[in-house]
file work-v7.cif (mmCIF, N, CA and C atoms)
data_work
loop_
_atom_site.label_atom_id
_atom_site.label_comp_id
_atom_site.auth_asym_id
_atom_site.auth_seq_id
_atom_site.Cartn_x
_atom_site.Cartn_y
_atom_site.Cartn_z
N MET A 1258 171.05 9.60 146.53
CA MET A 1258 170.29 8.67 147.34
C MET A 1258 169.08 8.22 146.52
N LYS A 1259 168.81 6.93 146.57
CA LYS A 1259 167.64 6.40 145.88
C LYS A 1259 166.63 5.91 146.91
N ILE A 1260 165.46 6.56 146.92
CA ILE A 1260 164.36 6.13 147.78
C ILE A 1260 163.50 5.18 146.96
N LYS A 1261 163.28 3.99 147.51
CA LYS A 1261 162.55 2.95 146.79
C LYS A 1261 161.05 3.01 146.99
N ARG A 1262 160.61 3.33 148.23
CA ARG A 1262 159.17 3.33 148.51
C ARG A 1262 158.94 3.83 149.93
N ILE A 1263 157.69 4.08 150.25
CA ILE A 1263 157.31 4.29 151.64
C ILE A 1263 157.25 2.90 152.25
N ALA A 1264 158.11 2.63 153.21
CA ALA A 1264 158.17 1.31 153.83
C ALA A 1264 157.03 1.13 154.82
N HIS A 1265 156.84 2.12 155.68
CA HIS A 1265 155.75 2.04 156.65
C HIS A 1265 155.46 3.41 157.25
N LEU A 1266 154.30 3.47 157.90
CA LEU A 1266 153.92 4.61 158.70
C LEU A 1266 153.88 4.12 160.14
N GLY A 1267 154.64 4.74 161.02
CA GLY A 1267 154.68 4.35 162.42
C GLY A 1267 153.57 5.03 163.20
N ILE A 1268 152.84 4.26 163.99
CA ILE A 1268 151.74 4.78 164.80
C ILE A 1268 151.98 4.38 166.25
N ALA A 1269 152.14 5.36 167.13
CA ALA A 1269 152.35 5.10 168.55
C ALA A 1269 151.00 4.75 169.18
N VAL A 1270 150.98 3.66 169.94
CA VAL A 1270 149.74 3.20 170.59
C VAL A 1270 150.01 2.82 172.04
N LYS A 1271 148.97 2.86 172.85
CA LYS A 1271 149.07 2.48 174.26
C LYS A 1271 148.72 1.02 174.48
N ASP A 1272 148.17 0.39 173.44
CA ASP A 1272 147.72 -1.00 173.50
C ASP A 1272 147.73 -1.53 172.07
N LEU A 1273 148.09 -2.77 171.87
CA LEU A 1273 148.10 -3.33 170.52
C LEU A 1273 146.78 -4.00 170.13
N ASP A 1274 146.07 -4.55 171.10
CA ASP A 1274 144.88 -5.35 170.78
C ASP A 1274 143.80 -4.53 170.08
N GLY A 1275 143.46 -3.37 170.61
CA GLY A 1275 142.41 -2.54 170.01
C GLY A 1275 142.73 -2.12 168.59
N PRO A 1276 143.91 -1.53 168.35
CA PRO A 1276 144.25 -1.14 166.98
C PRO A 1276 144.32 -2.32 166.01
N LYS A 1277 144.89 -3.45 166.44
CA LYS A 1277 144.96 -4.62 165.55
C LYS A 1277 143.55 -5.07 165.17
N LYS A 1278 142.67 -5.13 166.15
CA LYS A 1278 141.30 -5.55 165.90
C LYS A 1278 140.63 -4.57 164.93
N PHE A 1279 140.80 -3.28 165.14
CA PHE A 1279 140.19 -2.28 164.26
C PHE A 1279 140.65 -2.46 162.82
N TYR A 1280 141.96 -2.52 162.60
CA TYR A 1280 142.47 -2.61 161.23
C TYR A 1280 142.09 -3.93 160.56
N ARG A 1281 142.04 -5.01 161.33
CA ARG A 1281 141.63 -6.31 160.76
C ARG A 1281 140.13 -6.33 160.48
N GLU A 1282 139.32 -6.00 161.46
CA GLU A 1282 137.87 -6.16 161.34
C GLU A 1282 137.19 -5.05 160.55
N ASN A 1283 137.65 -3.81 160.68
CA ASN A 1283 136.97 -2.71 160.02
C ASN A 1283 137.54 -2.34 158.67
N LEU A 1284 138.83 -2.58 158.48
CA LEU A 1284 139.45 -2.23 157.20
C LEU A 1284 139.92 -3.45 156.42
N ASN A 1285 139.68 -4.63 156.99
CA ASN A 1285 140.03 -5.90 156.34
C ASN A 1285 141.51 -5.98 155.95
N LEU A 1286 142.36 -5.44 156.81
CA LEU A 1286 143.80 -5.50 156.56
C LEU A 1286 144.39 -6.68 157.31
N GLU A 1287 145.48 -7.18 156.79
CA GLU A 1287 146.11 -8.40 157.30
C GLU A 1287 147.25 -8.08 158.28
N LEU A 1288 147.23 -8.76 159.42
CA LEU A 1288 148.34 -8.66 160.35
C LEU A 1288 149.53 -9.39 159.72
N ALA A 1289 150.66 -8.69 159.61
CA ALA A 1289 151.82 -9.25 158.92
C ALA A 1289 152.94 -9.65 159.88
N GLY A 1290 152.66 -9.68 161.17
CA GLY A 1290 153.66 -10.14 162.13
C GLY A 1290 153.87 -9.18 163.27
N GLU A 1291 154.60 -9.67 164.27
CA GLU A 1291 154.95 -8.88 165.44
C GLU A 1291 156.36 -9.22 165.86
N GLU A 1292 157.01 -8.26 166.46
CA GLU A 1292 158.32 -8.53 167.04
C GLU A 1292 158.65 -7.45 168.06
N VAL A 1293 159.54 -7.80 168.96
CA VAL A 1293 160.07 -6.84 169.92
C VAL A 1293 161.40 -6.36 169.37
N VAL A 1294 161.56 -5.05 169.33
CA VAL A 1294 162.81 -4.45 168.88
C VAL A 1294 163.47 -3.86 170.13
N GLU A 1295 164.36 -4.65 170.71
CA GLU A 1295 165.00 -4.27 171.98
C GLU A 1295 165.72 -2.93 171.88
N THR A 1296 166.40 -2.69 170.77
CA THR A 1296 167.18 -1.46 170.63
C THR A 1296 166.29 -0.22 170.63
N GLN A 1297 165.04 -0.37 170.21
CA GLN A 1297 164.10 0.76 170.17
C GLN A 1297 163.15 0.75 171.37
N LYS A 1298 163.20 -0.33 172.18
CA LYS A 1298 162.34 -0.49 173.35
C LYS A 1298 160.86 -0.44 172.98
N VAL A 1299 160.51 -1.20 171.92
CA VAL A 1299 159.13 -1.27 171.46
C VAL A 1299 158.75 -2.69 171.05
N LYS A 1300 157.46 -2.96 171.14
CA LYS A 1300 156.88 -4.14 170.51
C LYS A 1300 156.14 -3.60 169.30
N VAL A 1301 156.35 -4.23 168.17
CA VAL A 1301 155.82 -3.73 166.91
C VAL A 1301 154.88 -4.76 166.29
N SER A 1302 153.71 -4.29 165.86
CA SER A 1302 152.79 -5.11 165.07
C SER A 1302 152.71 -4.48 163.69
N PHE A 1303 152.83 -5.32 162.68
CA PHE A 1303 152.80 -4.84 161.30
C PHE A 1303 151.46 -5.18 160.68
N ILE A 1304 150.86 -4.19 160.05
CA ILE A 1304 149.60 -4.35 159.34
C ILE A 1304 149.89 -4.09 157.87
N LYS A 1305 149.69 -5.09 157.03
CA LYS A 1305 150.02 -5.00 155.60
C LYS A 1305 149.02 -4.11 154.87
N VAL A 1306 149.55 -3.16 154.11
CA VAL A 1306 148.75 -2.28 153.26
C VAL A 1306 149.46 -2.21 151.91
N GLY A 1307 149.03 -3.04 150.96
CA GLY A 1307 149.72 -3.09 149.67
C GLY A 1307 151.17 -3.49 149.86
N GLU A 1308 152.09 -2.68 149.33
CA GLU A 1308 153.51 -2.97 149.47
C GLU A 1308 154.13 -2.28 150.67
N SER A 1309 153.30 -1.63 151.46
CA SER A 1309 153.78 -0.94 152.65
C SER A 1309 153.12 -1.55 153.88
N ASN A 1310 153.43 -0.99 155.04
CA ASN A 1310 152.85 -1.45 156.30
C ASN A 1310 152.47 -0.27 157.16
N LEU A 1311 151.51 -0.51 158.03
CA LEU A 1311 151.33 0.33 159.20
C LEU A 1311 152.14 -0.37 160.27
N GLU A 1312 152.86 0.37 161.07
CA GLU A 1312 153.69 -0.20 162.11
C GLU A 1312 153.16 0.34 163.44
N LEU A 1313 152.46 -0.52 164.18
CA LEU A 1313 151.93 -0.13 165.47
C LEU A 1313 153.05 -0.26 166.49
N LEU A 1314 153.34 0.80 167.22
CA LEU A 1314 154.47 0.86 168.13
C LEU A 1314 154.00 0.94 169.57
N LEU A 1315 154.30 -0.07 170.35
CA LEU A 1315 153.95 -0.11 171.77
C LEU A 1315 155.24 -0.09 172.58
N PRO A 1316 155.44 0.91 173.46
CA PRO A 1316 156.67 0.93 174.24
C PRO A 1316 156.74 -0.26 175.18
N THR A 1317 157.95 -0.78 175.37
CA THR A 1317 158.16 -1.89 176.30
C THR A 1317 158.74 -1.41 177.62
N THR A 1318 159.18 -0.16 177.65
CA THR A 1318 159.69 0.44 178.89
C THR A 1318 159.20 1.88 178.97
N GLY A 1319 159.16 2.40 180.17
CA GLY A 1319 158.70 3.77 180.38
C GLY A 1319 159.66 4.83 179.87
N ASP A 1320 160.91 4.44 179.61
CA ASP A 1320 161.90 5.42 179.15
C ASP A 1320 162.17 5.33 177.65
N SER A 1321 161.34 4.59 176.92
CA SER A 1321 161.55 4.48 175.47
C SER A 1321 161.12 5.78 174.78
N PRO A 1322 161.70 6.08 173.63
CA PRO A 1322 161.28 7.27 172.88
C PRO A 1322 159.78 7.27 172.57
N VAL A 1323 159.21 6.10 172.29
CA VAL A 1323 157.78 6.03 171.99
C VAL A 1323 156.95 6.31 173.24
N ALA A 1324 157.41 5.85 174.40
CA ALA A 1324 156.71 6.16 175.65
C ALA A 1324 156.70 7.66 175.90
N LYS A 1325 157.81 8.32 175.64
CA LYS A 1325 157.89 9.77 175.81
C LYS A 1325 156.97 10.48 174.82
N PHE A 1326 156.91 9.96 173.60
CA PHE A 1326 156.01 10.52 172.58
C PHE A 1326 154.56 10.41 173.05
N LEU A 1327 154.17 9.24 173.53
CA LEU A 1327 152.80 9.03 174.01
C LEU A 1327 152.47 9.96 175.17
N GLU A 1328 153.43 10.17 176.04
CA GLU A 1328 153.24 11.03 177.20
C GLU A 1328 152.99 12.47 176.80
N THR A 1329 153.71 12.94 175.80
CA THR A 1329 153.59 14.35 175.41
C THR A 1329 152.55 14.60 174.32
N ARG A 1330 152.37 13.64 173.42
CA ARG A 1330 151.49 13.88 172.27
C ARG A 1330 150.29 12.95 172.19
N GLY A 1331 150.33 11.86 172.93
CA GLY A 1331 149.24 10.90 172.87
C GLY A 1331 149.40 9.95 171.68
N GLU A 1332 148.42 9.09 171.52
CA GLU A 1332 148.47 8.11 170.42
C GLU A 1332 148.37 8.81 169.07
N GLY A 1333 148.98 8.19 168.08
CA GLY A 1333 148.84 8.72 166.73
C GLY A 1333 150.09 8.56 165.89
N PHE A 1334 150.08 9.28 164.78
CA PHE A 1334 151.16 9.20 163.80
C PHE A 1334 152.49 9.56 164.45
N HIS A 1335 153.47 8.67 164.31
CA HIS A 1335 154.78 8.85 164.94
C HIS A 1335 155.87 9.16 163.93
N HIS A 1336 155.94 8.36 162.84
CA HIS A 1336 157.01 8.61 161.86
C HIS A 1336 156.67 8.02 160.49
N LEU A 1337 157.38 8.54 159.51
CA LEU A 1337 157.33 8.06 158.14
C LEU A 1337 158.64 7.35 157.86
N ALA A 1338 158.57 6.11 157.36
CA ALA A 1338 159.77 5.35 157.03
C ALA A 1338 159.90 5.21 155.52
N LEU A 1339 161.05 5.57 155.02
CA LEU A 1339 161.36 5.47 153.60
C LEU A 1339 162.43 4.42 153.39
N GLU A 1340 162.16 3.48 152.51
CA GLU A 1340 163.17 2.47 152.20
C GLU A 1340 164.15 3.05 151.19
N VAL A 1341 165.43 2.94 151.51
CA VAL A 1341 166.47 3.43 150.61
C VAL A 1341 167.30 2.25 150.10
N GLU A 1342 167.93 2.46 148.99
CA GLU A 1342 168.74 1.41 148.39
C GLU A 1342 170.02 1.15 149.18
N ASP A 1343 170.66 2.22 149.66
CA ASP A 1343 171.92 2.10 150.39
C ASP A 1343 171.89 3.09 151.55
N ILE A 1344 171.61 2.59 152.75
CA ILE A 1344 171.43 3.48 153.89
C ILE A 1344 172.73 4.18 154.29
N HIS A 1345 173.85 3.51 154.15
CA HIS A 1345 175.12 4.15 154.51
C HIS A 1345 175.39 5.34 153.59
N ALA A 1346 175.15 5.18 152.31
CA ALA A 1346 175.35 6.27 151.36
C ALA A 1346 174.34 7.39 151.62
N ALA A 1347 173.10 7.03 151.94
CA ALA A 1347 172.06 8.03 152.20
C ALA A 1347 172.42 8.88 153.41
N VAL A 1348 172.84 8.23 154.49
CA VAL A 1348 173.21 8.97 155.70
C VAL A 1348 174.42 9.87 155.43
N ALA A 1349 175.40 9.35 154.73
CA ALA A 1349 176.59 10.15 154.41
C ALA A 1349 176.21 11.36 153.56
N GLU A 1350 175.35 11.16 152.59
CA GLU A 1350 174.92 12.26 151.72
C GLU A 1350 174.19 13.33 152.52
N LEU A 1351 173.28 12.92 153.39
CA LEU A 1351 172.52 13.88 154.19
C LEU A 1351 173.45 14.62 155.17
N LYS A 1352 174.36 13.89 155.78
CA LYS A 1352 175.30 14.50 156.72
C LYS A 1352 176.16 15.54 155.99
N ALA A 1353 176.65 15.18 154.81
CA ALA A 1353 177.48 16.10 154.02
C ALA A 1353 176.70 17.35 153.62
N ALA A 1354 175.38 17.21 153.45
CA ALA A 1354 174.54 18.34 153.08
C ALA A 1354 174.15 19.19 154.29
N GLY A 1355 174.58 18.75 155.48
CA GLY A 1355 174.28 19.52 156.68
C GLY A 1355 172.91 19.25 157.28
N VAL A 1356 172.26 18.16 156.86
CA VAL A 1356 170.95 17.81 157.40
C VAL A 1356 171.13 17.29 158.81
N ARG A 1357 170.31 17.78 159.72
CA ARG A 1357 170.38 17.35 161.12
C ARG A 1357 169.84 15.93 161.25
N LEU A 1358 170.66 15.05 161.83
CA LEU A 1358 170.31 13.64 161.97
C LEU A 1358 170.22 13.26 163.44
N ILE A 1359 169.35 12.31 163.75
CA ILE A 1359 169.35 11.70 165.07
C ILE A 1359 170.41 10.61 165.08
N ASP A 1360 170.48 9.85 164.00
CA ASP A 1360 171.45 8.76 163.86
C ASP A 1360 172.45 9.08 162.76
N GLU A 1361 173.69 9.27 163.15
CA GLU A 1361 174.73 9.51 162.14
C GLU A 1361 175.30 8.20 161.61
N LYS A 1362 174.94 7.10 162.27
CA LYS A 1362 175.30 5.76 161.81
C LYS A 1362 174.05 4.90 161.89
N PRO A 1363 173.77 4.10 160.87
CA PRO A 1363 172.59 3.22 160.92
C PRO A 1363 172.69 2.24 162.09
N ARG A 1364 171.51 1.87 162.60
CA ARG A 1364 171.42 0.91 163.70
C ARG A 1364 170.37 -0.13 163.36
N GLU A 1365 170.28 -1.14 164.19
CA GLU A 1365 169.36 -2.25 163.93
C GLU A 1365 167.92 -1.84 164.20
N GLY A 1366 167.03 -2.25 163.30
CA GLY A 1366 165.60 -2.02 163.45
C GLY A 1366 164.83 -3.31 163.27
N ALA A 1367 163.53 -3.20 163.10
CA ALA A 1367 162.67 -4.38 162.90
C ALA A 1367 162.98 -5.06 161.58
N HIS A 1368 162.67 -6.34 161.49
CA HIS A 1368 162.87 -7.17 160.28
C HIS A 1368 164.33 -7.27 159.87
N GLY A 1369 165.26 -7.03 160.80
CA GLY A 1369 166.67 -7.10 160.46
C GLY A 1369 167.14 -5.92 159.62
N ALA A 1370 166.33 -4.87 159.55
CA ALA A 1370 166.70 -3.70 158.75
C ALA A 1370 167.74 -2.86 159.46
N LEU A 1371 168.47 -2.08 158.69
CA LEU A 1371 169.29 -1.01 159.23
C LEU A 1371 168.46 0.25 159.12
N VAL A 1372 168.45 1.06 160.18
CA VAL A 1372 167.62 2.26 160.20
C VAL A 1372 168.43 3.46 160.67
N ALA A 1373 168.00 4.63 160.27
CA ALA A 1373 168.58 5.89 160.74
C ALA A 1373 167.47 6.94 160.69
N PHE A 1374 167.38 7.72 161.75
CA PHE A 1374 166.33 8.74 161.84
C PHE A 1374 166.88 10.13 161.55
N LEU A 1375 166.09 10.91 160.83
CA LEU A 1375 166.38 12.32 160.59
C LEU A 1375 165.66 13.12 161.65
N HIS A 1376 166.27 14.18 162.12
CA HIS A 1376 165.67 15.00 163.17
C HIS A 1376 164.46 15.76 162.62
N PRO A 1377 163.36 15.78 163.38
CA PRO A 1377 162.16 16.49 162.90
C PRO A 1377 162.41 17.98 162.62
N LYS A 1378 163.38 18.58 163.26
CA LYS A 1378 163.67 20.00 162.98
C LYS A 1378 164.23 20.19 161.58
N ALA A 1379 164.77 19.12 160.99
CA ALA A 1379 165.31 19.20 159.63
C ALA A 1379 164.25 18.89 158.58
N THR A 1380 163.14 18.29 159.02
CA THR A 1380 162.14 17.79 158.07
C THR A 1380 160.77 18.43 158.31
N PHE A 1381 160.79 19.67 158.80
CA PHE A 1381 159.57 20.45 158.98
C PHE A 1381 158.58 19.79 159.92
N GLY A 1382 159.12 19.22 161.01
CA GLY A 1382 158.29 18.66 162.07
C GLY A 1382 157.95 17.20 161.95
N LEU A 1383 158.42 16.53 160.92
CA LEU A 1383 158.11 15.12 160.70
C LEU A 1383 159.32 14.26 161.04
N LEU A 1384 159.12 13.25 161.90
CA LEU A 1384 160.18 12.30 162.16
C LEU A 1384 160.26 11.36 160.97
N VAL A 1385 161.42 11.31 160.32
CA VAL A 1385 161.61 10.48 159.14
C VAL A 1385 162.65 9.41 159.45
N GLU A 1386 162.29 8.18 159.13
CA GLU A 1386 163.20 7.04 159.29
C GLU A 1386 163.62 6.57 157.91
N LEU A 1387 164.91 6.38 157.73
CA LEU A 1387 165.40 5.71 156.53
C LEU A 1387 165.66 4.27 156.91
N CYS A 1388 165.35 3.34 156.02
CA CYS A 1388 165.60 1.95 156.33
C CYS A 1388 166.08 1.20 155.09
N GLU A 1389 166.93 0.23 155.34
CA GLU A 1389 167.41 -0.67 154.30
C GLU A 1389 167.22 -2.08 154.82
N TYR A 1390 166.45 -2.86 154.10
CA TYR A 1390 166.14 -4.23 154.51
C TYR A 1390 167.17 -5.19 153.95
N PRO A 1391 167.38 -6.32 154.65
CA PRO A 1391 168.27 -7.33 154.10
C PRO A 1391 167.73 -7.84 152.77
N LYS A 1392 168.59 -8.30 151.93
CA LYS A 1392 168.18 -8.77 150.60
C LYS A 1392 167.13 -9.87 150.67
N SER A 1393 167.10 -10.64 151.75
CA SER A 1393 166.15 -11.75 151.88
C SER A 1393 164.75 -11.31 152.29
N HIS A 1394 164.58 -10.02 152.59
CA HIS A 1394 163.29 -9.50 153.09
C HIS A 1394 162.23 -9.47 152.01
#
call {"tool": "encode", "arguments": {"input": "work-v7.cif", "output": "structure tokens"}}
result
Amino acid sequence: MKIKRIAHLGIAVKDLDGPKKFYRENLNLELAGEEVVETQKVKVSFIKVGESNLELLLPTTGDSPVAKFLETRGEGFHHLALEVEDIHAAVAELKAAGVRLIDEKPREGAHGALVAFLHPKATFGLLVELCEYPKSH
């Protein structure tokens, strides 16, 4: 498996306006877009940081995984996303190695990416997302 870079750090939030204002006004970071990811039940705001992003995650429904995270842990760091060269090969390699996965098959994520999550019990308590972006990204 070839990991290309840290794609983003996911941050669970209860509101997008406050965090966006903070990162823009206090850290002079640029808002790089927003989108709703229906499959994940979140609205996402991207804050550009060099070649990576902060990904602000706001649940769109009360039963979304991010809503459950906010309920139990509150706002804060949610996941680390690593961009891989070939997500299908990466998932197959991890599965063959016996790594516990949340997603055994990649699914649709933000920016048209394919994503797959590794279970935090396999990664010492950290939710890790693998992602592969379309070539046009």
call {"tool": "atom_distance", "arguments": {"input": "work-v7.cif", "atom1": "atom CA of A:His1368", "atom2": "atom CA of A:Ser1309"}}
result
13.4 Å
call {"tool": "residues_around", "arguments": {"input": "work-v7.cif", "residues": "A:Pro1322", "least_positions_apart": "3", "cutoff": "12 Å", "atoms": "only C-alpha atoms", "output": "list in words"}}
result
Ala1269, Thr1296, Gln1297, Lys1298, Val1299, Leu1314, Leu1315, Pro1316, Thr1317, Thr1318, Gly1319, Lys1325, Phe1326, Leu1327, Glu1328, Thr1329, Arg1330, His1335, His1336 and Leu1384 of chain A
call {"tool": "residues_near_point", "arguments": {"input": "work-v7.cif", "point": "(168.9, 5.5, 162.8)", "cutoff": "7 Å", "atoms": "only N, CA and C atoms", "output": "PyMOL selection string"}}
result
chain A and resi 1359-1365+1371-1375+1386-1387
call {"tool": "resolve_selection", "arguments": {"input": "work-v7.cif", "expression": "the PyMOL selection byres ((chain A and resi 1302) around 8)", "output": "list in words"}}
result
Leu1273, Lys1277, Leu1288, Ala1289, Gly1290, Glu1291, Glu1292, Val1293, Val1299, Lys1300, Val1301, Phe1303, Ile1304, Lys1305, Asn1310, Leu1311, Glu1312, Leu1313, Leu1314 and Leu1315 of chain A
call {"tool": "write_last_selection", "arguments": {"input": "work-v7.cif", "atoms": "N, CA and C atoms", "output": "PDB file, in the coordinates of the input"}}
result
ATOM      1  N   LEU A1273     148.090  -2.770 171.870  1.00  0.00           N
ATOM      2  CA  LEU A1273     148.100  -3.330 170.520  1.00  0.00           C
ATOM      3  C   LEU A1273     146.780  -4.000 170.130  1.00  0.00           C
ATOM      4  N   LYS A1277     144.890  -3.450 166.440  1.00  0.00           N
ATOM      5  CA  LYS A1277     144.960  -4.620 165.550  1.00  0.00           C
ATOM      6  C   LYS A1277     143.550  -5.070 165.170  1.00  0.00           C
ATOM      7  N   LEU A1288     147.230  -8.760 159.420  1.00  0.00           N
ATOM      8  CA  LEU A1288     148.340  -8.660 160.350  1.00  0.00           C
ATOM      9  C   LEU A1288     149.530  -9.390 159.720  1.00  0.00           C
ATOM     10  N   ALA A1289     150.660  -8.690 159.610  1.00  0.00           N
ATOM     11  CA  ALA A1289     151.820  -9.250 158.920  1.00  0.00           C
ATOM     12  C   ALA A1289     152.940  -9.650 159.880  1.00  0.00           C
ATOM     13  N   GLY A1290     152.660  -9.680 161.170  1.00  0.00           N
ATOM     14  CA  GLY A1290     153.660 -10.140 162.130  1.00  0.00           C
ATOM     15  C   GLY A1290     153.870  -9.180 163.270  1.00  0.00           C
ATOM     16  N   GLU A1291     154.600  -9.670 164.270  1.00  0.00           N
ATOM     17  CA  GLU A1291     154.950  -8.880 165.440  1.00  0.00           C
ATOM     18  C   GLU A1291     156.360  -9.220 165.860  1.00  0.00           C
ATOM     19  N   GLU A1292     157.010  -8.260 166.460  1.00  0.00           N
ATOM     20  CA  GLU A1292     158.320  -8.530 167.040  1.00  0.00           C
ATOM     21  C   GLU A1292     158.650  -7.450 168.060  1.00  0.00           C
ATOM     22  N   VAL A1293     159.540  -7.800 168.960  1.00  0.00           N
ATOM     23  CA  VAL A1293     160.070  -6.840 169.920  1.00  0.00           C
ATOM     24  C   VAL A1293     161.400  -6.360 169.370  1.00  0.00           C
ATOM     25  N   VAL A1299     160.510  -1.200 171.920  1.00  0.00           N
ATOM     26  CA  VAL A1299     159.130  -1.270 171.460  1.00  0.00           C
ATOM     27  C   VAL A1299     158.750  -2.690 171.050  1.00  0.00           C
ATOM     28  N   LYS A1300     157.460  -2.960 171.140  1.00  0.00           N
ATOM     29  CA  LYS A1300     156.880  -4.140 170.510  1.00  0.00           C
ATOM     30  C   LYS A1300     156.140  -3.600 169.300  1.00  0.00           C
ATOM     31  N   VAL A1301     156.350  -4.230 168.170  1.00  0.00           N
ATOM     32  CA  VAL A1301     155.820  -3.730 166.910  1.00  0.00           C
ATOM     33  C   VAL A1301     154.880  -4.760 166.290  1.00  0.00           C
ATOM     34  N   PHE A1303     152.830  -5.320 162.680  1.00  0.00           N
ATOM     35  CA  PHE A1303     152.800  -4.840 161.300  1.00  0.00           C
ATOM     36  C   PHE A1303     151.460  -5.180 160.680  1.00  0.00           C
ATOM     37  N   ILE A1304     150.860  -4.190 160.050  1.00  0.00           N
ATOM     38  CA  ILE A1304     149.600  -4.350 159.340  1.00  0.00           C
ATOM     39  C   ILE A1304     149.890  -4.090 157.870  1.00  0.00           C
ATOM     40  N   LYS A1305     149.690  -5.090 157.030  1.00  0.00           N
ATOM     41  CA  LYS A1305     150.020  -5.000 155.600  1.00  0.00           C
ATOM     42  C   LYS A1305     149.020  -4.110 154.870  1.00  0.00           C
ATOM     43  N   ASN A1310     153.430  -0.990 155.040  1.00  0.00           N
ATOM     44  CA  ASN A1310     152.850  -1.450 156.300  1.00  0.00           C
ATOM     45  C   ASN A1310     152.470  -0.270 157.160  1.00  0.00           C
ATOM     46  N   LEU A1311     151.510  -0.510 158.030  1.00  0.00           N
ATOM     47  CA  LEU A1311     151.330   0.330 159.200  1.00  0.00           C
ATOM     48  C   LEU A1311     152.140  -0.370 160.270  1.00  0.00           C
ATOM     49  N   GLU A1312     152.860   0.370 161.070  1.00  0.00           N
ATOM     50  CA  GLU A1312     153.690  -0.200 162.110  1.00  0.00           C
ATOM     51  C   GLU A1312     153.160   0.340 163.440  1.00  0.00           C
ATOM     52  N   LEU A1313     152.460  -0.520 164.180  1.00  0.00           N
ATOM     53  CA  LEU A1313     151.930  -0.130 165.470  1.00  0.00           C
ATOM     54  C   LEU A1313     153.050  -0.260 166.490  1.00  0.00           C
ATOM     55  N   LEU A1314     153.340   0.800 167.220  1.00  0.00           N
ATOM     56  CA  LEU A1314     154.470   0.860 168.130  1.00  0.00           C
ATOM     57  C   LEU A1314     154.000   0.940 169.570  1.00  0.00           C
ATOM     58  N   LEU A1315     154.300  -0.070 170.350  1.00  0.00           N
ATOM     59  CA  LEU A1315     153.950  -0.110 171.770  1.00  0.00           C
ATOM     60  C   LEU A1315     155.240  -0.090 172.580  1.00  0.00           C
TER      61      LEU A1315
END
call {"tool": "closest_residue", "arguments": {"input": "work-v7.cif", "among": "A:Ala1367, A:Ala1347, A:Ala1338, A:Val1385", "to": "A:Ile1263", "atoms": "only N, CA and C atoms"}}
result
A:Ala1338
call {"tool": "closest_residue", "arguments": {"input": "work-v7.cif", "among": "A:Glu1287, A:Glu1295, A:Asp1272, A:Glu1389", "to": "A:His1345", "atoms": "only C-alpha atoms"}}
result
A:Glu1389
call {"tool": "select_by_dssp", "arguments": {"input": "work-v7.cif", "residues": "stretch 1289-1366 of chain A", "states": "strand (DSSP E)", "output": "ChimeraX atom specification"}}
result
/A:1289-1294,1299-1306,1309-1316,1333-1341,1364-1365
call {"tool": "closest_residue", "arguments": {"input": "work-v7.cif", "among": "A:Ile1268, A:Val1341, A:Ala1379, A:Val1323", "to": "A:Ala1354", "atoms": "only C-alpha atoms"}}
result
A:Ala1379
call {"tool": "resolve_selection", "arguments": {"input": "work-v7.cif", "expression": "the PyMOL selection byres (((chain A and resi 1391 and name CA) around 10) and name CA)", "output": "JSON, numbers by chain"}}
result
{"A": [1368, 1369, 1370, 1371, 1388, 1389, 1390, 1392, 1393, 1394]}
call {"tool": "resolve_selection", "arguments": {"input": "work-v7.cif", "expression": "the PyMOL selection byres ((chain A and resi 1259) around 6.5)", "output": "number ranges by chain"}}
result
A: 1258, 1260-1261, 1340-1343
call {"tool": "write_last_selection", "arguments": {"input": "work-v7.cif", "atoms": "N, CA and C atoms", "output": "PDB file, keeping the file's coordinate frame"}}
result
ATOM      1  N   MET A1258     171.050   9.600 146.530  1.00  0.00           N
ATOM      2  CA  MET A1258     170.290   8.670 147.340  1.00  0.00           C
ATOM      3  C   MET A1258     169.080   8.220 146.520  1.00  0.00           C
ATOM      4  N   ILE A1260     165.460   6.560 146.920  1.00  0.00           N
ATOM      5  CA  ILE A1260     164.360   6.130 147.780  1.00  0.00           C
ATOM      6  C   ILE A1260     163.500   5.180 146.960  1.00  0.00           C
ATOM      7  N   LYS A1261     163.280   3.990 147.510  1.00  0.00           N
ATOM      8  CA  LYS A1261     162.550   2.950 146.790  1.00  0.00           C
ATOM      9  C   LYS A1261     161.050   3.010 146.990  1.00  0.00           C
ATOM     10  N   GLU A1340     162.160   3.480 152.510  1.00  0.00           N
ATOM     11  CA  GLU A1340     163.170   2.470 152.200  1.00  0.00           C
ATOM     12  C   GLU A1340     164.150   3.050 151.190  1.00  0.00           C
ATOM     13  N   VAL A1341     165.430   2.940 151.510  1.00  0.00           N
ATOM     14  CA  VAL A1341     166.470   3.430 150.610  1.00  0.00           C
ATOM     15  C   VAL A1341     167.300   2.250 150.100  1.00  0.00           C
ATOM     16  N   GLU A1342     167.930   2.460 148.990  1.00  0.00           N
ATOM     17  CA  GLU A1342     168.740   1.410 148.390  1.00  0.00           C
ATOM     18  C   GLU A1342     170.020   1.150 149.180  1.00  0.00           C
ATOM     19  N   ASP A1343     170.660   2.220 149.660  1.00  0.00           N
ATOM     20  CA  ASP A1343     171.920   2.100 150.390  1.00  0.00           C
ATOM     21  C   ASP A1343     171.890   3.090 151.550  1.00  0.00           C
TER      22      ASP A1343
END
call {"tool": "atom_distance", "arguments": {"input": "work-v7.cif", "atom1": "atom CA of A:Lys1278", "atom2": "atom CA of A:Val1306"}}
result
15.0 Å
